[in-house]
>>> print(open('model30.pdb').read())   # PDB, C-alpha atoms
ATOM      1  CA  GLY A  12     -17.615  40.450  49.294  1.00  0.00           C
ATOM      2  CA  ASP A  13     -14.808  42.970  48.996  1.00  0.00           C
ATOM      3  CA  SER A  14     -13.484  43.357  45.454  1.00  0.00           C
ATOM      4  CA  VAL A  15     -11.707  45.697  43.046  1.00  0.00           C
ATOM      5  CA  THR A  16     -12.642  46.662  39.496  1.00  0.00           C
ATOM      6  CA  GLN A  17      -9.850  47.788  37.265  1.00  0.00           C
ATOM      7  CA  MET A  18      -9.796  49.653  33.979  1.00  0.00           C
ATOM      8  CA  GLU A  19      -9.445  47.263  31.092  1.00  0.00           C
ATOM      9  CA  GLY A  20      -6.568  47.506  28.684  1.00  0.00           C
ATOM     10  CA  PRO A  21      -4.525  47.236  26.788  1.00  0.00           C
ATOM     11  CA  VAL A  22      -3.146  50.745  27.033  1.00  0.00           C
ATOM     12  CA  THR A  23      -0.559  51.962  24.540  1.00  0.00           C
ATOM     13  CA  LEU A  24       1.290  55.223  25.125  1.00  0.00           C
ATOM     14  CA  SER A  25       4.220  57.164  23.776  1.00  0.00           C
ATOM     15  CA  GLU A  26       7.230  57.832  25.962  1.00  0.00           C
ATOM     16  CA  GLU A  27       6.771  60.833  28.297  1.00  0.00           C
ATOM     17  CA  ALA A  28       2.984  60.600  28.101  1.00  0.00           C
ATOM     18  CA  PHE A  29       0.745  60.736  31.189  1.00  0.00           C
ATOM     19  CA  LEU A  30      -0.592  57.417  32.435  1.00  0.00           C
ATOM     20  CA  THR A  31      -3.773  56.831  34.440  1.00  0.00           C
ATOM     21  CA  ILE A  32      -5.182  53.412  35.305  1.00  0.00           C
ATOM     22  CA  ASN A  33      -8.527  53.495  37.061  1.00  0.00           C
ATOM     23  CA  CYS A  34      -9.321  51.263  40.012  1.00  0.00           C
ATOM     24  CA  THR A  35     -12.452  51.296  42.139  1.00  0.00           C
ATOM     25  CA  TYR A  36     -13.255  49.090  45.082  1.00  0.00           C
ATOM     26  CA  THR A  37     -16.289  47.644  46.856  1.00  0.00           C
ATOM     27  CA  ALA A  38     -15.807  46.924  50.533  1.00  0.00           C
ATOM     28  CA  THR A  39     -17.708  46.818  53.793  1.00  0.00           C
ATOM     29  CA  GLY A  40     -14.922  48.515  55.722  1.00  0.00           C
ATOM     30  CA  TYR A  41     -11.714  50.330  54.826  1.00  0.00           C
ATOM     31  CA  PRO A  42      -9.394  47.775  53.296  1.00  0.00           C
ATOM     32  CA  SER A  43      -5.730  48.325  52.573  1.00  0.00           C
ATOM     33  CA  LEU A  44      -5.186  48.975  48.853  1.00  0.00           C
ATOM     34  CA  PHE A  45      -2.226  48.099  46.650  1.00  0.00           C
ATOM     35  CA  TRP A  46      -0.822  48.414  43.166  1.00  0.00           C
ATOM     36  CA  TYR A  47       1.368  45.607  41.916  1.00  0.00           C
ATOM     37  CA  VAL A  48       3.389  45.473  38.690  1.00  0.00           C
ATOM     38  CA  GLN A  49       4.337  42.405  36.662  1.00  0.00           C
ATOM     39  CA  TYR A  50       7.110  42.663  34.075  1.00  0.00           C
ATOM     40  CA  PRO A  51       7.236  40.070  31.283  1.00  0.00           C
ATOM     41  CA  GLY A  52       8.155  36.623  32.548  1.00  0.00           C
ATOM     42  CA  GLU A  53       8.307  37.727  36.174  1.00  0.00           C
ATOM     43  CA  GLY A  54       6.269  37.493  39.359  1.00  0.00           C
ATOM     44  CA  LEU A  55       4.420  40.432  40.884  1.00  0.00           C
ATOM     45  CA  GLN A  56       6.207  43.283  42.623  1.00  0.00           C
ATOM     46  CA  LEU A  57       4.572  45.654  45.062  1.00  0.00           C
ATOM     47  CA  LEU A  58       4.552  49.112  43.484  1.00  0.00           C
ATOM     48  CA  LEU A  59       2.786  51.130  46.195  1.00  0.00           C
ATOM     49  CA  LYS A  60       0.189  50.851  48.927  1.00  0.00           C
ATOM     50  CA  ALA A  61      -2.234  52.855  51.077  1.00  0.00           C
ATOM     51  CA  THR A  62      -3.771  51.652  54.300  1.00  0.00           C
ATOM     52  CA  LYS A  63      -6.344  54.350  55.105  1.00  0.00           C
ATOM     53  CA  ALA A  64      -8.438  57.053  53.515  1.00  0.00           C
ATOM     54  CA  ASP A  65      -6.517  59.997  52.001  1.00  0.00           C
ATOM     55  CA  ASP A  66      -3.219  58.094  52.162  1.00  0.00           C
ATOM     56  CA  LYS A  67      -1.077  58.623  49.078  1.00  0.00           C
ATOM     57  CA  GLY A  68       1.222  55.830  48.028  1.00  0.00           C
ATOM     58  CA  SER A  69       4.130  56.653  45.757  1.00  0.00           C
ATOM     59  CA  ASN A  70       7.095  54.859  44.212  1.00  0.00           C
ATOM     60  CA  LYS A  71       9.212  55.178  41.044  1.00  0.00           C
ATOM     61  CA  GLY A  72       7.216  58.219  39.916  1.00  0.00           C
ATOM     62  CA  PHE A  73       3.868  56.419  40.310  1.00  0.00           C
ATOM     63  CA  GLU A  74       1.222  57.718  42.700  1.00  0.00           C
ATOM     64  CA  ALA A  75      -2.190  56.641  43.920  1.00  0.00           C
ATOM     65  CA  THR A  76      -4.483  58.225  46.513  1.00  0.00           C
ATOM     66  CA  TYR A  77      -6.985  56.284  48.615  1.00  0.00           C
ATOM     67  CA  ARG A  78     -10.276  58.122  48.019  1.00  0.00           C
ATOM     68  CA  LYS A  79     -13.011  56.975  50.371  1.00  0.00           C
ATOM     69  CA  GLU A  80     -15.661  59.271  48.897  1.00  0.00           C
ATOM     70  CA  THR A  81     -15.270  57.837  45.396  1.00  0.00           C
ATOM     71  CA  THR A  82     -14.037  54.378  46.538  1.00  0.00           C
ATOM     72  CA  SER A  83     -11.125  54.726  44.144  1.00  0.00           C
ATOM     73  CA  PHE A  84      -7.374  54.164  44.037  1.00  0.00           C
ATOM     74  CA  HIS A  85      -6.324  55.323  40.568  1.00  0.00           C
ATOM     75  CA  LEU A  86      -2.699  54.882  39.509  1.00  0.00           C
ATOM     76  CA  GLU A  87      -0.932  57.807  37.823  1.00  0.00           C
ATOM     77  CA  LYS A  88       2.456  58.594  36.397  1.00  0.00           C
ATOM     78  CA  GLY A  89       3.349  61.923  34.864  1.00  0.00           C
ATOM     79  CA  SER A  90       5.902  60.807  32.286  1.00  0.00           C
ATOM     80  CA  VAL A  91       6.171  57.147  31.350  1.00  0.00           C
ATOM     81  CA  GLN A  92       9.231  55.386  29.999  1.00  0.00           C
ATOM     82  CA  VAL A  93       9.586  52.328  27.787  1.00  0.00           C
ATOM     83  CA  SER A  94      10.700  50.433  30.902  1.00  0.00           C
ATOM     84  CA  ASP A  95       7.251  51.004  32.445  1.00  0.00           C
ATOM     85  CA  SER A  96       5.750  48.549  29.961  1.00  0.00           C
ATOM     86  CA  ALA A  97       4.187  45.873  32.164  1.00  0.00           C
ATOM     87  CA  VAL A  98       0.923  44.563  33.546  1.00  0.00           C
ATOM     88  CA  TYR A  99      -0.454  46.558  36.487  1.00  0.00           C
ATOM     89  CA  PHE A 100      -2.770  45.063  39.107  1.00  0.00           C
ATOM     90  CA  CYS A 101      -4.906  46.836  41.635  1.00  0.00           C
ATOM     91  CA  ALA A 102      -5.529  44.795  44.805  1.00  0.00           C
ATOM     92  CA  LEU A 103      -7.196  44.981  48.162  1.00  0.00           C
ATOM     93  CA  LEU A 104      -6.907  43.108  51.417  1.00  0.00           C
ATOM     94  CA  ARG A 105     -10.371  41.726  52.137  1.00  0.00           C
ATOM     95  CA  SER A 106     -11.659  42.795  55.534  1.00  0.00           C
ATOM     96  CA  ASN A 107     -13.486  39.547  56.312  1.00  0.00           C
ATOM     97  CA  ASP A 108     -10.645  37.083  55.763  1.00  0.00           C
ATOM     98  CA  TYR A 109      -7.518  39.235  55.112  1.00  0.00           C
ATOM     99  CA  LYS A 110      -6.915  37.595  51.743  1.00  0.00           C
ATOM    100  CA  LEU A 111      -5.510  39.586  48.867  1.00  0.00           C
ATOM    101  CA  SER A 112      -7.922  40.019  45.979  1.00  0.00           C
ATOM    102  CA  PHE A 113      -6.784  41.348  42.580  1.00  0.00           C
ATOM    103  CA  GLY A 114      -8.296  43.228  39.697  1.00  0.00           C
ATOM    104  CA  ALA A 115      -8.078  41.802  36.183  1.00  0.00           C
ATOM    105  CA  GLY A 116      -4.829  43.606  35.359  1.00  0.00           C
ATOM    106  CA  THR A 117      -4.081  46.303  32.790  1.00  0.00           C
ATOM    107  CA  THR A 118      -1.407  45.769  30.169  1.00  0.00           C
ATOM    108  CA  VAL A 119       0.547  48.938  29.465  1.00  0.00           C
ATOM    109  CA  THR A 120       2.858  49.291  26.479  1.00  0.00           C
ATOM    110  CA  VAL A 121       5.051  52.370  26.147  1.00  0.00           C
ATOM    111  CA  ARG A 122       6.523  53.087  22.721  1.00  0.00           C
ATOM    112  CA  ALA A 123       9.717  55.031  22.167  1.00  0.00           C
TER
ATOM    113  CA  GLU B  18      14.027  42.705  48.450  1.00  0.00           C
ATOM    114  CA  ALA B  19      11.686  39.842  49.235  1.00  0.00           C
ATOM    115  CA  ASP B  20      13.153  36.391  49.687  1.00  0.00           C
ATOM    116  CA  ILE B  21      10.634  34.008  48.262  1.00  0.00           C
ATOM    117  CA  TYR B  22      11.659  31.342  45.795  1.00  0.00           C
ATOM    118  CA  GLN B  23       9.803  29.097  43.438  1.00  0.00           C
ATOM    119  CA  THR B  24      11.158  26.093  41.594  1.00  0.00           C
ATOM    120  CA  PRO B  25      11.139  25.122  38.864  1.00  0.00           C
ATOM    121  CA  ARG B  26      10.648  28.316  36.823  1.00  0.00           C
ATOM    122  CA  TYR B  27       9.453  26.316  33.836  1.00  0.00           C
ATOM    123  CA  LEU B  28       8.108  22.780  33.663  1.00  0.00           C
ATOM    124  CA  VAL B  29       6.842  20.782  30.691  1.00  0.00           C
ATOM    125  CA  ILE B  30       5.371  17.458  31.697  1.00  0.00           C
ATOM    126  CA  GLY B  31       3.202  14.716  30.241  1.00  0.00           C
ATOM    127  CA  THR B  32      -0.415  14.036  31.101  1.00  0.00           C
ATOM    128  CA  GLY B  33      -0.935  11.822  34.145  1.00  0.00           C
ATOM    129  CA  LYS B  34       2.345  12.670  35.850  1.00  0.00           C
ATOM    130  CA  LYS B  35       2.509  13.736  39.482  1.00  0.00           C
ATOM    131  CA  ILE B  36       4.198  17.084  40.046  1.00  0.00           C
ATOM    132  CA  THR B  37       5.155  19.238  42.976  1.00  0.00           C
ATOM    133  CA  LEU B  38       5.800  22.950  42.655  1.00  0.00           C
ATOM    134  CA  GLU B  39       8.091  24.240  45.370  1.00  0.00           C
ATOM    135  CA  CYS B  40       7.777  27.527  47.225  1.00  0.00           C
ATOM    136  CA  SER B  41      10.070  28.668  50.011  1.00  0.00           C
ATOM    137  CA  GLN B  42      10.468  31.921  51.889  1.00  0.00           C
ATOM    138  CA  THR B  43      13.188  32.953  54.323  1.00  0.00           C
ATOM    139  CA  MET B  44      11.329  35.834  55.948  1.00  0.00           C
ATOM    140  CA  GLY B  45       9.487  33.830  58.608  1.00  0.00           C
ATOM    141  CA  HIS B  46       6.099  34.913  57.260  1.00  0.00           C
ATOM    142  CA  ASP B  47       3.067  33.072  58.565  1.00  0.00           C
ATOM    143  CA  LYS B  48       0.699  33.791  55.684  1.00  0.00           C
ATOM    144  CA  MET B  49       1.326  32.127  52.348  1.00  0.00           C
ATOM    145  CA  TYR B  50      -0.694  32.024  49.144  1.00  0.00           C
ATOM    146  CA  TRP B  51      -0.849  30.182  45.822  1.00  0.00           C
ATOM    147  CA  TYR B  52      -2.349  31.992  42.851  1.00  0.00           C
ATOM    148  CA  GLN B  53      -3.083  30.649  39.388  1.00  0.00           C
ATOM    149  CA  GLN B  54      -2.646  33.135  36.586  1.00  0.00           C
ATOM    150  CA  ASP B  55      -4.528  32.489  33.365  1.00  0.00           C
ATOM    151  CA  PRO B  56      -3.395  33.586  29.885  1.00  0.00           C
ATOM    152  CA  GLY B  57      -5.524  36.725  30.219  1.00  0.00           C
ATOM    153  CA  MET B  58      -3.297  37.584  33.209  1.00  0.00           C
ATOM    154  CA  GLU B  59      -6.086  37.429  35.796  1.00  0.00           C
ATOM    155  CA  LEU B  60      -5.006  36.057  39.197  1.00  0.00           C
ATOM    156  CA  HIS B  61      -7.079  33.502  41.070  1.00  0.00           C
ATOM    157  CA  LEU B  62      -6.397  32.488  44.670  1.00  0.00           C
ATOM    158  CA  ILE B  63      -6.324  28.677  44.842  1.00  0.00           C
ATOM    159  CA  HIS B  64      -4.744  27.965  48.250  1.00  0.00           C
ATOM    160  CA  TYR B  65      -4.003  29.804  51.437  1.00  0.00           C
ATOM    161  CA  SER B  66      -2.227  29.161  54.713  1.00  0.00           C
ATOM    162  CA  TYR B  67      -2.294  31.141  57.960  1.00  0.00           C
ATOM    163  CA  GLY B  68       0.638  29.191  59.376  1.00  0.00           C
ATOM    164  CA  VAL B  69       2.019  25.729  60.074  1.00  0.00           C
ATOM    165  CA  ASN B  70      -0.597  22.969  59.703  1.00  0.00           C
ATOM    166  CA  SER B  71      -3.132  25.500  58.366  1.00  0.00           C
ATOM    167  CA  THR B  72      -4.328  25.252  54.751  1.00  0.00           C
ATOM    168  CA  GLU B  73      -7.505  26.464  53.081  1.00  0.00           C
ATOM    169  CA  LYS B  74      -8.990  26.347  49.624  1.00  0.00           C
ATOM    170  CA  GLY B  75      -9.041  29.665  47.824  1.00  0.00           C
ATOM    171  CA  ASP B  76     -11.633  31.364  45.660  1.00  0.00           C
ATOM    172  CA  LEU B  77     -11.026  29.200  42.582  1.00  0.00           C
ATOM    173  CA  SER B  78     -11.545  25.467  42.856  1.00  0.00           C
ATOM    174  CA  SER B  79      -8.346  23.577  42.074  1.00  0.00           C
ATOM    175  CA  GLU B  80      -7.454  19.910  41.829  1.00  0.00           C
ATOM    176  CA  SER B  81      -4.097  20.673  43.404  1.00  0.00           C
ATOM    177  CA  THR B  82      -3.296  20.176  47.072  1.00  0.00           C
ATOM    178  CA  VAL B  83      -0.905  21.953  49.426  1.00  0.00           C
ATOM    179  CA  SER B  84       0.815  21.285  52.706  1.00  0.00           C
ATOM    180  CA  ARG B  85       2.419  23.506  55.354  1.00  0.00           C
ATOM    181  CA  ILE B  86       4.603  21.413  57.601  1.00  0.00           C
ATOM    182  CA  ARG B  87       7.227  24.116  58.038  1.00  0.00           C
ATOM    183  CA  THR B  88       6.792  27.883  58.162  1.00  0.00           C
ATOM    184  CA  GLU B  89       9.139  28.496  55.243  1.00  0.00           C
ATOM    185  CA  HIS B  90       7.827  25.850  52.857  1.00  0.00           C
ATOM    186  CA  PHE B  91       4.473  25.712  51.005  1.00  0.00           C
ATOM    187  CA  PRO B  92       4.565  23.152  48.178  1.00  0.00           C
ATOM    188  CA  LEU B  93       1.733  22.582  45.711  1.00  0.00           C
ATOM    189  CA  THR B  94       1.063  19.104  44.328  1.00  0.00           C
ATOM    190  CA  LEU B  95      -0.885  17.825  41.352  1.00  0.00           C
ATOM    191  CA  GLU B  96      -1.423  14.070  41.616  1.00  0.00           C
ATOM    192  CA  SER B  97      -2.223  13.632  37.926  1.00  0.00           C
ATOM    193  CA  ALA B  98      -1.436  16.510  35.616  1.00  0.00           C
ATOM    194  CA  ARG B  99      -3.809  17.360  32.751  1.00  0.00           C
ATOM    195  CA  PRO B 100      -3.555  19.875  29.905  1.00  0.00           C
ATOM    196  CA  SER B 101      -6.186  22.002  31.691  1.00  0.00           C
ATOM    197  CA  HIS B 102      -3.607  22.547  34.465  1.00  0.00           C
ATOM    198  CA  THR B 103      -1.371  24.446  32.064  1.00  0.00           C
ATOM    199  CA  SER B 104      -0.908  27.858  33.646  1.00  0.00           C
ATOM    200  CA  GLN B 105       1.423  30.112  35.588  1.00  0.00           C
ATOM    201  CA  TYR B 106       1.465  29.442  39.332  1.00  0.00           C
ATOM    202  CA  LEU B 107       2.533  32.231  41.692  1.00  0.00           C
ATOM    203  CA  CYS B 108       3.415  31.804  45.347  1.00  0.00           C
ATOM    204  CA  ALA B 109       3.352  34.684  47.823  1.00  0.00           C
ATOM    205  CA  SER B 110       3.814  35.369  51.518  1.00  0.00           C
ATOM    206  CA  SER B 111       3.025  38.161  53.946  1.00  0.00           C
ATOM    207  CA  GLU B 112       4.227  39.008  57.411  1.00  0.00           C
ATOM    208  CA  ARG B 113       1.014  39.884  59.174  1.00  0.00           C
ATOM    209  CA  LEU B 114      -2.684  39.447  58.714  1.00  0.00           C
ATOM    210  CA  ASN B 115      -3.071  42.938  57.245  1.00  0.00           C
ATOM    211  CA  SER B 116       0.191  43.455  55.364  1.00  0.00           C
ATOM    212  CA  GLU B 117       1.169  43.306  51.716  1.00  0.00           C
ATOM    213  CA  ALA B 118       2.227  40.113  49.976  1.00  0.00           C
ATOM    214  CA  PHE B 119       5.594  39.382  48.404  1.00  0.00           C
ATOM    215  CA  PHE B 120       5.654  37.179  45.333  1.00  0.00           C
ATOM    216  CA  GLY B 121       8.006  34.606  43.916  1.00  0.00           C
ATOM    217  CA  GLN B 122       9.026  34.553  40.251  1.00  0.00           C
ATOM    218  CA  GLY B 123       6.362  32.021  39.371  1.00  0.00           C
ATOM    219  CA  THR B 124       6.341  28.564  37.793  1.00  0.00           C
ATOM    220  CA  ARG B 125       5.086  28.258  34.250  1.00  0.00           C
ATOM    221  CA  LEU B 126       3.600  24.778  33.914  1.00  0.00           C
ATOM    222  CA  THR B 127       2.780  23.178  30.568  1.00  0.00           C
ATOM    223  CA  VAL B 128       1.090  19.803  30.495  1.00  0.00           C
ATOM    224  CA  VAL B 129       1.245  18.052  27.136  1.00  0.00           C
TER
END
>>> encode(input="model30.pdb", output="structure tokens")
Amino acid sequence: GDSVTQMEGPVTLSEEAFLTINCTYTATGYPSLFWYVQYPGEGLQLLLKATKADDKGSNKGFEATYRKETTSFHLEKGSVQVSDSAVYFCALLRSNDYKLSFGAGTTVTVRA
Amino acid sequence: EADIYQTPRYLVIGTGKKITLECSQTMGHDKMYWYQQDPGMELHLIHYSYGVNSTEKGDLSSESTVSRIRTEHFPLTLESARPSHTSQYLCASSERLNSEAFFGQGTRLTVV
């Protein structure tokens, strides 16, 4: 069935460094793709989304492009801040039952 | 800002007790989910609802049960809590079949 595979962490960066978190998907069709963020002690918040090939989602300086040819949806941010420390989840909406399926999550820690 | 609420935020309870985790949303969304999040942060879908009087088991087998008598309310019940039920439980809802999900703050359950 449809699924996502996410880069394992943890990832530790210095402030203002470049962040990339890899996410690839397996799907029979063209599922909608999402990145969610979870701050300590909180629920998940939608960070960005893309619903079709070549769509670029962006929010709060984060970007991800839906790449059909490489079945990828990598998350990037050019200059991270300490406040970006969180767990990031890649997700897709399964085409057979429209349920949201998540990757394993990547813990990101940004040091001042 | 999504309006989905979970209570309680934290619950410590003894083995054998019956518990109900509450989830309510004010957005009129038909789809609702329950996820269990393990200490490694991975999210597992345990229950799903397409609308009133519709409930389905998710990908991960769970001893909990759910009900959907009203659109806005999707409670999860454990008839007899065990230490293995200790986890974070996240409720979510989405507007349409193919739209993103909004999450509550979560309930952290500890069974002692």
>>> residues_around(input="model30.pdb", residues="Gly114 in chain A", least_positions_apart="3", cutoff="8 Å", atoms="all atoms listed in the file", output="PyMOL selection string")
(chain A and resi 14-17+100-102) or (chain B and resi 59-60)
>>> resolve_selection(input="model30.pdb", expression="the ChimeraX specification (/A :<9) & /B", output="list in words")
Tyr50, Gly57, Met58, Glu59, Leu60, His61, Leu62, Tyr65, Leu107, Cys108, Leu114, Asn115, Ser116, Glu117, Ala118, Phe119, Phe120, Gly121, Gln122 and Gly123 of chain B
>>> resolve_selection(input="model30.pdb", expression="the PyMOL selection byres ((chain B and resi 69) around 9)", output="PDB file with C-alpha atoms, in the frame of the given file")
ATOM      1  CA  ASP B  47       3.067  33.072  58.565  1.00  0.00           C
ATOM      2  CA  SER B  66      -2.227  29.161  54.713  1.00  0.00           C
ATOM      3  CA  TYR B  67      -2.294  31.141  57.960  1.00  0.00           C
ATOM      4  CA  GLY B  68       0.638  29.191  59.376  1.00  0.00           C
ATOM      5  CA  ASN B  70      -0.597  22.969  59.703  1.00  0.00           C
ATOM      6  CA  SER B  71      -3.132  25.500  58.366  1.00  0.00           C
ATOM      7  CA  THR B  72      -4.328  25.252  54.751  1.00  0.00           C
ATOM      8  CA  SER B  84       0.815  21.285  52.706  1.00  0.00           C
ATOM      9  CA  ARG B  85       2.419  23.506  55.354  1.00  0.00           C
ATOM     10  CA  ILE B  86       4.603  21.413  57.601  1.00  0.00           C
ATOM     11  CA  ARG B  87       7.227  24.116  58.038  1.00  0.00           C
ATOM     12  CA  THR B  88       6.792  27.883  58.162  1.00  0.00           C
TER      13      THR B  88
END
>>> closest_residue(input="model30.pdb", among="B:Leu93, B:Leu126, B:Glu80, B:Leu28", to="Gln105 in chain B", atoms="all atoms listed in the file")
B:Leu126
>>> resolve_selection(input="model30.pdb", expression="the PyMOL selection byres ((chain A and resi 81) around 12)", output="MDAnalysis selection string")
chainID A and resid 33:37 64:65 76:80 82:85
>>> atom_distance(input="model30.pdb", atom1="CA of Ala61 in chain A", atom2="CA of Ile32 in chain A")
16.1 Å
>>> closest_residue(input="model30.pdb", among="B:Pro25, B:Lys34, B:Lys48, B:Glu39", to="Ala109 in chain B", atoms="all atoms listed in the file")
B:Lys48
>>> atom_distance(input="model30.pdb", atom1="CA of Asp95 in chain A", atom2="CA of Ser111 in chain B")
25.4 Å
>>> atom_distance(input="model30.pdb", atom1="CA of Glu112 in chain B", atom2="CA of Trp46 in chain A")
17.8 Å
>>> residues_around(input="model30.pdb", residues="Thr39 in chain A", least_positions_apart="5", cutoff="9 Å", atoms="all atoms listed in the file", output="PyMOL selection string")
chain A and resi 12-13+106-107
>>> closest_residue(input="model30.pdb", among="A:Glu27, A:Ala38, A:Lys63, A:Ala123", to="Ser90 in chain A", atoms="only C-alpha atoms")
A:Glu27
>>> closest_residue(input="model30.pdb", among="B:Cys40, B:Lys74, B:Pro56, B:Ser110", to="Arg26 in chain B", atoms="all atoms listed in the file")
B:Cys40
